[in-house]
Structures are given as structure tokens and as C-alpha cells.
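Source file: start21.txt (compact mmCIF, C-alpha atoms)
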```txt
# COMPACT_ATOMS: atom_id res chain seq x y z
CA MET A 6 34.93 -11.14 4.85
CA PRO A 7 37.58 -13.88 4.90
CA PRO A 8 36.48 -17.44 4.14
CA GLY A 9 37.44 -18.51 7.64
CA GLY A 10 34.65 -16.58 9.37
CA PRO A 11 31.78 -14.14 9.00
CA ASN A 12 32.78 -10.47 8.83
CA PRO A 13 30.92 -8.31 6.33
CA ALA A 14 32.64 -5.03 7.21
CA GLN A 15 35.74 -3.81 5.44
CA GLN A 16 38.58 -2.45 7.52
CA GLY A 17 37.54 0.92 8.93
CA GLY A 18 33.99 0.92 7.53
CA ASN A 19 30.58 -0.71 7.43
CA GLU A 20 30.53 -1.73 3.76
CA PRO A 21 30.06 -5.44 2.95
CA ASP A 22 32.96 -7.29 1.37
CA TYR A 23 31.45 -7.42 -2.13
CA ALA A 24 34.42 -9.28 -3.60
CA PHE A 25 33.94 -12.14 -1.17
CA ILE A 26 30.21 -12.27 -1.82
CA ARG A 27 30.78 -12.34 -5.58
CA SER A 28 33.33 -15.12 -5.24
CA ALA A 29 30.65 -17.28 -3.58
CA VAL A 30 27.62 -16.28 -5.66
CA ASN A 31 28.81 -15.44 -9.16
CA PRO A 32 29.92 -18.94 -10.30
CA PRO A 33 26.59 -20.68 -9.52
CA LEU A 34 24.65 -17.59 -10.72
CA GLU A 35 26.50 -17.69 -14.04
CA THR A 36 25.71 -21.40 -14.33
CA VAL A 37 22.00 -20.61 -13.92
CA ARG A 38 22.33 -17.92 -16.57
CA THR A 39 24.01 -20.19 -19.10
CA THR A 40 21.78 -23.19 -18.32
CA PHE A 41 18.56 -21.25 -18.89
CA GLY A 42 19.99 -19.18 -21.76
CA TYR A 43 18.85 -15.71 -20.71
CA GLU A 44 19.61 -12.98 -18.20
CA ILE A 45 18.93 -13.80 -14.56
CA VAL A 46 18.29 -11.65 -11.51
CA SER A 47 18.49 -13.62 -8.26
CA TYR A 48 16.40 -12.63 -5.25
CA PHE A 49 17.18 -14.50 -2.04
CA LEU A 50 15.72 -13.56 1.34
CA ASP A 51 16.50 -15.27 4.63
CA ASP A 52 13.45 -16.74 6.36
CA PRO A 53 12.97 -13.82 8.83
CA ALA A 54 13.42 -11.21 6.07
CA ALA A 55 10.50 -9.78 4.10
CA ILE A 56 9.88 -8.62 0.56
CA ALA A 57 9.78 -4.83 0.96
CA ASP A 58 9.62 -1.65 -1.06
CA GLU A 59 13.10 -0.42 -0.09
CA GLN A 60 14.57 -3.32 -2.08
CA MET A 61 12.97 -2.15 -5.32
CA LEU A 62 15.48 0.63 -6.04
CA HIS A 63 18.21 -2.01 -6.10
CA MET A 64 16.08 -4.37 -8.21
CA TYR A 65 15.49 -1.51 -10.67
CA GLU A 66 19.20 -0.77 -10.91
CA HIS A 67 19.96 -4.40 -11.79
CA LEU A 68 17.37 -4.33 -14.58
CA ARG A 69 18.47 -0.89 -15.80
CA ARG A 70 22.04 -2.06 -16.09
CA ILE A 71 21.08 -5.34 -17.78
CA GLY A 72 18.93 -3.41 -20.24
CA HIS A 73 15.87 -4.53 -22.14
CA GLN A 74 15.90 -8.22 -23.08
CA GLU A 75 13.63 -10.65 -24.87
CA THR A 76 13.54 -12.81 -21.70
CA ILE A 77 14.64 -12.15 -18.13
CA GLY A 78 14.39 -14.73 -15.38
CA LEU A 79 13.87 -14.02 -11.70
CA TRP A 80 15.45 -16.74 -9.58
CA MET A 81 13.67 -16.37 -6.25
CA ASN A 82 13.52 -17.79 -2.74
CA SER A 83 11.40 -16.00 -0.13
CA ARG A 84 8.85 -16.59 2.64
CA GLY A 85 6.94 -13.48 1.55
CA GLY A 86 6.50 -9.95 2.82
CA ALA A 87 4.61 -6.78 1.94
CA THR A 88 1.45 -7.41 -0.08
CA GLU A 89 1.83 -4.28 -2.22
CA THR A 90 5.42 -4.85 -3.39
CA PRO A 91 4.89 -7.85 -5.75
CA LEU A 92 2.99 -5.68 -8.23
CA LYS A 93 6.03 -3.38 -8.38
CA VAL A 94 8.35 -6.35 -8.97
CA VAL A 95 6.23 -7.70 -11.82
CA SER A 96 5.80 -4.23 -13.35
CA LEU A 97 9.58 -3.66 -13.33
CA PHE A 98 10.33 -6.94 -15.08
CA ARG A 99 7.57 -6.25 -17.63
CA GLU A 100 9.26 -2.90 -18.39
CA PHE A 101 12.58 -4.58 -19.19
CA ALA A 102 11.55 -7.94 -20.70
CA ASP A 103 9.15 -9.12 -23.39
CA ARG A 104 8.94 -12.42 -21.52
CA PHE A 105 9.15 -12.79 -17.74
CA VAL A 106 10.13 -16.14 -16.19
CA VAL A 107 10.22 -17.03 -12.49
CA ILE A 108 12.59 -19.82 -11.39
CA LEU A 109 11.86 -21.41 -8.02
CA PRO A 110 14.38 -23.79 -6.47
CA TYR A 111 12.50 -24.04 -3.19
CA ARG A 112 10.14 -21.62 -1.38
CA ALA A 113 8.05 -18.81 -2.81
CA HIS A 114 5.36 -18.23 -0.21
CA SER A 115 2.70 -15.56 0.25
CA SER A 116 3.90 -12.34 -1.45
CA ALA A 117 6.51 -14.33 -3.38
CA THR A 118 3.65 -16.41 -4.79
CA LEU A 119 2.02 -13.14 -5.88
CA ILE A 120 5.19 -12.32 -7.84
CA ALA A 121 5.10 -15.75 -9.50
CA LEU A 122 1.50 -15.13 -10.64
CA GLY A 123 2.83 -12.49 -13.03
CA ALA A 124 5.28 -14.78 -14.83
CA ASP A 125 4.75 -16.07 -18.34
CA GLU A 126 6.43 -19.26 -17.11
CA ILE A 127 7.12 -20.61 -13.64
CA VAL A 128 9.95 -23.16 -13.54
CA MET A 129 9.62 -25.41 -10.48
CA THR A 130 11.78 -28.21 -9.11
CA ALA A 131 10.51 -31.19 -7.14
CA MET A 132 11.20 -29.17 -3.95
CA SER A 133 9.49 -25.96 -5.09
CA GLU A 134 6.62 -24.57 -3.03
CA LEU A 135 4.09 -21.86 -3.70
CA GLY A 136 1.65 -20.84 -0.98
CA PRO A 137 -1.69 -19.17 -0.28
CA ILE A 138 -1.80 -15.39 -0.74
CA ASP A 139 -4.04 -14.63 2.26
CA PRO A 140 -1.84 -12.33 4.35
CA SER A 141 -1.02 -12.49 8.03
CA ARG A 142 -0.53 -9.12 9.65
CA ARG A 143 0.87 -7.49 12.75
CA HIS A 144 -1.20 -4.57 14.04
CA PRO A 145 -0.58 -2.37 17.11
CA LEU A 146 -4.04 -3.26 18.43
CA LEU A 147 -3.49 -7.03 18.20
CA PRO A 148 -2.43 -9.21 21.16
CA THR A 149 1.32 -9.12 21.79
CA GLU A 150 4.17 -11.51 22.49
CA ASP A 151 7.71 -11.02 23.77
CA GLY A 152 10.13 -9.88 21.06
CA PRO A 153 13.88 -9.14 21.04
CA GLY A 154 15.07 -7.54 24.24
CA GLY A 155 11.75 -8.22 25.95
CA LYS A 156 9.94 -5.74 23.71
CA LYS A 157 6.26 -6.50 23.21
CA ILE A 158 5.35 -7.03 19.56
CA PRO A 159 1.94 -7.82 18.02
CA ILE A 160 1.22 -11.45 17.20
CA PRO A 161 0.71 -11.92 13.44
CA ILE A 162 -2.87 -13.01 12.72
CA SER A 163 -4.50 -13.96 9.44
CA VAL A 164 -8.03 -12.88 8.60
CA GLN A 165 -8.61 -16.56 7.89
CA ASP A 166 -7.97 -17.31 11.57
CA LEU A 167 -10.94 -15.14 12.48
CA ARG A 168 -13.10 -16.51 9.66
CA HIS A 169 -12.43 -20.08 10.75
CA LEU A 170 -13.29 -19.20 14.37
CA LEU A 171 -16.66 -17.78 13.34
CA SER A 172 -17.28 -20.74 11.01
CA PHE A 173 -16.50 -23.11 13.88
CA LEU A 174 -19.00 -21.39 16.17
CA GLU A 175 -21.68 -21.40 13.50
CA ARG A 176 -21.03 -25.05 12.63
CA GLU A 177 -20.81 -26.37 16.18
CA LEU A 178 -23.48 -24.26 17.85
CA GLY A 179 -25.71 -23.20 14.99
CA GLU A 180 -29.21 -22.43 16.14
CA ASP A 181 -28.25 -23.23 19.75
CA LEU A 182 -26.32 -19.96 19.85
CA SER A 183 -28.85 -17.51 21.29
CA PRO A 184 -28.53 -13.76 20.69
CA ASP A 185 -27.31 -13.31 24.27
CA ALA A 186 -24.73 -16.09 23.88
CA ALA A 187 -23.62 -14.69 20.52
CA SER A 188 -23.18 -11.28 22.13
CA GLN A 189 -20.99 -12.83 24.83
CA VAL A 190 -18.89 -14.63 22.20
CA TYR A 191 -18.28 -11.44 20.19
CA THR A 192 -17.59 -9.44 23.35
CA ALA A 193 -14.97 -12.01 24.39
CA LEU A 194 -13.48 -11.94 20.89
CA PHE A 195 -13.28 -8.13 20.88
CA ASP A 196 -11.60 -8.25 24.28
CA LYS A 197 -8.76 -10.17 22.66
CA VAL A 198 -8.76 -8.62 19.18
CA HIS A 199 -9.69 -4.97 18.76
CA PRO A 200 -12.46 -4.33 16.17
CA LEU A 201 -10.19 -1.90 14.29
CA ALA A 202 -7.55 -4.64 14.02
CA ILE A 203 -10.18 -6.99 12.59
CA GLY A 204 -11.05 -4.33 10.03
CA ALA A 205 -7.36 -3.98 9.13
CA LEU A 206 -7.06 -7.75 8.68
CA GLU A 207 -10.10 -7.82 6.40
CA GLN A 208 -8.62 -4.94 4.42
CA SER A 209 -5.33 -6.85 4.04
CA TRP A 210 -7.18 -9.87 2.67
CA ALA A 211 -9.11 -7.73 0.18
CA LEU A 212 -5.83 -6.06 -0.84
CA ALA A 213 -4.20 -9.44 -1.52
CA GLN A 214 -7.11 -10.32 -3.80
CA GLN A 215 -6.85 -6.98 -5.58
CA ILE A 216 -3.08 -7.24 -6.07
CA GLY A 217 -3.40 -10.85 -7.23
CA ALA A 218 -5.97 -9.89 -9.86
CA GLN A 219 -3.88 -6.93 -11.06
CA ILE A 220 -0.74 -9.07 -11.35
CA LEU A 221 -2.57 -11.79 -13.30
CA SER A 222 -3.92 -9.07 -15.59
CA THR A 223 -0.36 -8.25 -16.66
CA ARG A 224 -0.29 -11.53 -18.62
CA LEU A 225 -4.00 -12.42 -19.01
CA ASP A 226 -6.58 -10.23 -20.74
CA PRO A 227 -8.82 -8.99 -17.89
CA SER A 228 -11.81 -8.82 -20.26
CA SER A 229 -11.74 -12.25 -21.87
CA LYS A 230 -10.04 -14.03 -18.94
CA ALA A 231 -11.98 -12.42 -16.06
CA ASP A 232 -13.43 -15.73 -14.86
CA GLU A 233 -10.02 -17.44 -14.97
CA ILE A 234 -8.40 -14.60 -13.01
CA LYS A 235 -11.16 -14.63 -10.41
CA SER A 236 -10.96 -18.40 -10.00
CA MET A 237 -7.20 -18.38 -9.41
CA VAL A 238 -7.35 -15.47 -6.96
CA GLU A 239 -10.17 -17.06 -4.95
CA ARG A 240 -8.41 -20.42 -4.90
CA LEU A 241 -5.18 -18.92 -3.59
CA SER A 242 -6.75 -16.47 -1.13
CA ASP A 243 -9.68 -18.42 0.31
CA HIS A 244 -9.43 -22.14 -0.42
CA TYR A 245 -6.52 -23.27 1.74
CA LYS A 246 -6.97 -23.69 5.48
CA SER A 247 -3.42 -22.79 6.43
CA HIS A 248 -1.22 -19.88 5.35
CA LEU A 249 1.70 -22.34 5.40
CA TYR A 250 0.07 -24.81 2.99
CA GLN A 251 2.69 -26.00 0.46
CA ILE A 252 1.53 -25.95 -3.15
CA SER A 253 3.60 -28.31 -5.31
CA ARG A 254 4.20 -27.90 -9.02
CA THR A 255 1.59 -30.58 -9.76
CA GLU A 256 -1.06 -28.76 -7.76
CA ALA A 257 0.00 -25.37 -9.14
CA ARG A 258 -0.81 -26.64 -12.63
CA THR A 259 -4.32 -27.64 -11.54
CA ILE A 260 -4.86 -24.05 -10.36
CA GLY A 261 -4.08 -22.88 -13.89
CA LEU A 262 -0.58 -21.47 -13.37
CA PRO A 263 1.94 -21.68 -16.26
CA VAL A 264 4.23 -24.17 -14.53
CA ARG A 265 7.02 -26.08 -16.25
CA ASP A 266 9.05 -28.80 -14.54
CA ALA A 267 12.72 -27.94 -14.35
CA THR A 268 15.01 -30.26 -16.28
CA ASP A 269 17.70 -32.14 -14.38
CA ASP A 270 20.34 -29.61 -15.46
CA GLU A 271 18.09 -26.67 -14.53
CA THR A 272 17.34 -28.21 -11.14
CA GLU A 273 21.03 -28.74 -10.46
CA ALA A 274 21.91 -25.17 -11.43
CA ALA A 275 19.03 -23.56 -9.51
CA TRP A 276 19.69 -25.66 -6.42
CA ASN A 277 23.44 -24.98 -6.41
CA LEU A 278 22.73 -21.24 -6.30
CA TYR A 279 20.31 -21.78 -3.40
CA ASP A 280 22.99 -23.82 -1.64
CA ALA A 281 25.55 -21.03 -2.17
CA TYR A 282 23.27 -18.43 -0.60
CA SER A 283 22.30 -20.74 2.26
CA HIS A 284 25.91 -21.38 3.23
CA LEU A 285 27.18 -17.83 2.72
CA GLN A 286 27.88 -16.38 6.17
CA VAL A 287 27.50 -12.64 6.51
CA GLY A 288 27.80 -11.21 9.99
CA GLY A 289 30.03 -9.31 12.35
CA GLU A 290 30.10 -5.89 13.96
CA ALA A 291 29.57 -2.34 12.72
CA LEU A 292 28.82 1.12 14.05
CA VAL A 293 25.28 2.54 14.01
CA ASN A 294 25.18 6.20 15.03
CA GLY A 295 28.56 5.72 16.63
CA LYS A 296 27.44 2.74 18.71
CA LYS A 297 28.53 -0.86 18.35
CA ALA A 298 26.00 -3.09 16.59
CA SER A 299 25.82 -6.73 15.57
CA VAL A 300 25.29 -7.33 11.86
CA GLY A 301 23.39 -10.07 10.07
CA ARG A 302 22.52 -10.84 6.46
CA LEU A 303 18.89 -10.36 5.38
CA GLY A 304 19.10 -11.22 1.71
CA HIS A 305 20.61 -10.70 -1.72
CA ILE A 306 19.70 -9.34 -5.14
CA ASP A 307 22.34 -10.28 -7.71
CA SER A 308 22.95 -10.33 -11.45
CA HIS A 309 25.98 -10.14 -13.68
CA ALA A 310 25.54 -6.33 -13.43
CA GLY A 311 26.34 -6.17 -9.72
CA THR A 312 25.77 -7.24 -6.13
CA SER A 313 23.14 -6.04 -3.64
CA ILE A 314 22.90 -7.17 -0.04
CA GLY A 315 20.45 -6.48 2.76
CA ILE A 316 21.96 -6.01 6.20
CA GLY A 317 20.20 -5.93 9.56
CA MET A 318 22.04 -4.10 12.36
CA THR A 319 21.10 -4.37 16.05
CA GLN A 320 22.73 -2.18 18.67
CA VAL A 321 24.56 -4.36 21.19
CA ALA A 322 23.64 -2.12 24.15
CA ALA A 323 19.99 -1.76 23.08
CA PRO A 324 18.76 -4.90 21.27
CA THR A 325 15.41 -3.28 20.43
CA ASN A 326 17.19 -0.62 18.34
CA GLN A 327 17.42 -2.17 14.91
CA ALA A 328 18.22 -0.80 11.47
CA ILE A 329 17.85 -2.34 8.02
CA THR A 330 19.81 -1.21 4.98
CA TRP A 331 20.33 -2.46 1.43
CA ARG A 332 23.57 -1.62 -0.39
CA SER A 333 24.84 -2.31 -3.87
CA SER A 334 28.10 -2.48 -5.76
CA TRP A 335 28.06 -2.39 -9.57
CA VAL A 336 30.29 -3.77 -12.31
CA LEU A 337 28.05 -2.56 -15.15
CA GLY A 338 26.55 0.85 -15.84
CA PRO A 339 23.16 1.53 -17.45
CA GLY A 340 22.70 -0.43 -20.65
CA GLY A 341 25.45 -2.88 -19.76
CA ARG A 342 28.45 -0.57 -20.01
CA PRO A 343 31.39 -1.84 -17.95
CA LEU A 344 32.46 0.21 -14.94
CA ALA A 345 35.88 0.59 -13.41
CA GLY A 346 36.18 -0.48 -9.81
CA PRO A 347 35.55 -3.52 -7.63
```
As C-alpha cells:
Amino acid sequence: MPPGGPNPAQQGGNEPDYAFIRSAVNPPLETVRTTFGYEIVSYFLDDPAAIADEQMLHMYEHLRRIGHQETIGLWMNSRGGATETPLKVVSLFREFADRFVVILPYRAHSSATLIALGADEIVMTAMSELGPIDPSRRHPLLPTEDGPGGKKIPIPISVQDLRHLLSFLERELGEDLSPDAASQVYTALFDKVHPLAIGALEQSWALAQQIGAQILSTRLDPSSKADEIKSMVERLSDHYKSHLYQISRTEARTIGLPVRDATDDETEAAWNLYDAYSHLQVGGEALVNGKKASVGRLGHIDSHAGTSIGIGMTQVAAPTNQAITWRSSWVLGPGGRPLAGP
């Protein structure tokens, strides 16, 4: 991928140009590593990309090649993703580090906030944002909207949306809502949102609470700190009236999270890495099943052990046919042994 334009594919293949990616990412990543004084794994996802289980094999390989350390930091920027995956992330870092630190230059929303709950220390800049952990969900029985190529896709809905609707009706109508009127309201609601979808949304909310409590229990004793764990989970899952609410470092401390303000040098280092990822262009064309596809970057997982990149590929002739893949290139073997190669 030459500096003059986006082109992630090497000549004659679909592999990303890892050397180019390293030339853009490694200098600011190494500055973060030296500024904080411990090993760093960076985890950057573009806004449309989601934290997902298929990324965890690559995350594991970074940690396996770094080896067990007293402290490992996770530099992270993400809008969120799968509710189940954060517990895997925290568990992996706990396997390889006695102390787990999360470094947030900017956004760590939803599932990314769940990951941060498991850190012994959360380092936040003035721009850092955590967010509520109540999930929004797409379900095949939910109302749809037009997606890529005119394909109908379910509209993401939060269980809080439904709770607030029912609270509104109860507050505004109260005793004036007769049984017949209430029946009409629920019938109209079920015409728009299938009852099974409502059940799935409620299940997602309960799952977020369960995962949040389990993650907090990796650093807090669930016996002696049960009330503290419950309070934090309820605050993050049920208190805020918008899934996009931005929780600053000041507010995060009032919730009880182990937040530390980044120093000026730490802020500069963390932000420069964010800037490098934000301006790194990865795109071009590739072949998917022998057919031409457009390629776009989804995200990165990087450390001094190697480079991992997520790529989204969309067939040019059929925009609804999309594929996602994560690929890695390593400079260190397990336990930090150097490898020959790129």
C-alpha cells in the first residue's frame, strides 16, 4: 500500500501490506509503550466495526507472543460490539498479566466499557468517553430499514427504548388508561415489534448485567464487594437515558471505577496513536471467490509482536455479499522469540 493512495493488497494477492501498516503504526505504538513503561496491545475499531469473537484468536496470539508480564496495557478505541466478547478479552489479559490496565484516548462505548470494567486501572484523557452497557440489538423480527444494496435490515433497538415507552404511557395516562385502551396500546406495540423480539431484547439486557458483574468479579471479591458490583452494574445498565450518553473520567470516578487521569505525556502518546490509526487509509480491490470486491479497513490489533488487521470485502457486482476477515503477520514467536520474515 504505497503512501500515495489506499491499496491494501500486495501484487497478485489479497494480503494487506503489513510493512506499510507497521511504518505508520509502530512508531507511535512504541512511544505509548515507552511512555507507560509496560507492554501494550492496541485495539482500534472503526466506528461501523464491532468487537467480535473472531478477533480473539488474534488477540490471544499477541499475548502469547508477548508472554506473561507484570503489567500489560490495552490501548483501546471502539464503539462496542458483541456483549459476550468482553469477558473473553478480560480473561485473556488476566491470564497473561498480574496487572491489567486499559488506556482510553477517546471512545470506549458499550461492550468496550464492559472491557474497561475489568481493568485494575483505567487511564483516561480529557476526551475519553465510557458509555452505558445496556445493549441495542438487531433481530430478524424487528422493524427493518434499507441497508446496502437496498437489502432490508432490522433496526437496532434497545430494551430501554421499550421500557421508556411503557414508562411514558404509565406516567402520562396512569389510571386513565382503561384495560381496553391498554390492550389497544399493547396490540399496536406488538404490531410493530414482535413479542419474541421483545423477549430477545430483555434477554440481551440481562446478559449485559450478568457479563458486567462477572467482569467486575475478576478484580473485586464477589463476596465482600457484592453491593459495590451490583451498584456499578445497575448504574451503567439502567441509570442513563441514552445508549450514547458520554461518561467522562470525572463521572466514571463517581461510579466507583479505578480511573486515573492521563499525564500530559501519556495523553500526547495515546492521542498520537489514535491519530495514526484514524489517518491510515486501507482500501482497494481484491478477489472474493474469484469475483472482484471492494476492500475496506475494519480495525487493528497491534503490539511489538506483530500486526493484525480486520478487512471487510464487498462484492462489486453484489453489494449485499459481504465478507469479514482478520489476518495477522508476526515478528515474534511464542514467548517473544524473534521470527525471520517481514
From A:Gln286, A:Thr255, A:Thr272, A:Ser242, residue lying nearest A:Ala218 [all atoms listed in the file]: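 Result for the nearest residue to A:Ala218: A:Ser242.
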Proximity to A:Asp232 - best of A:Leu34, A:Gly72, A:Leu119, A:Gly261, all atoms listed in the file: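 Smallest separation from A:Asp232 among the options: A:Gly261.
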Return as lines of an AutoDock Vina configuration file the box centre and box size in Å, one decimal, for an axis-aligned box around all listed atoms of stretch 23-27 of chain A padded by 6 Å per side.
```
center_x = 32.3
center_y = -9.9
center_z = -3.4
size_x = 16.2
size_y = 16.9
size_z = 16.4
```
Nearby residues, (30.5, -3.2, -19.5) file frame, 12 Å, only C-alpha atoms, as a VMD selection string: chain A and resid 70 to 72 309 to 311 335 to 346
Two-atom distance - atom CA of A:Thr76, atom CA of A:Phe101 (Å):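 Going from atom CA of A:Thr76 over to atom CA of A:Phe101 covers 8.7 Å.
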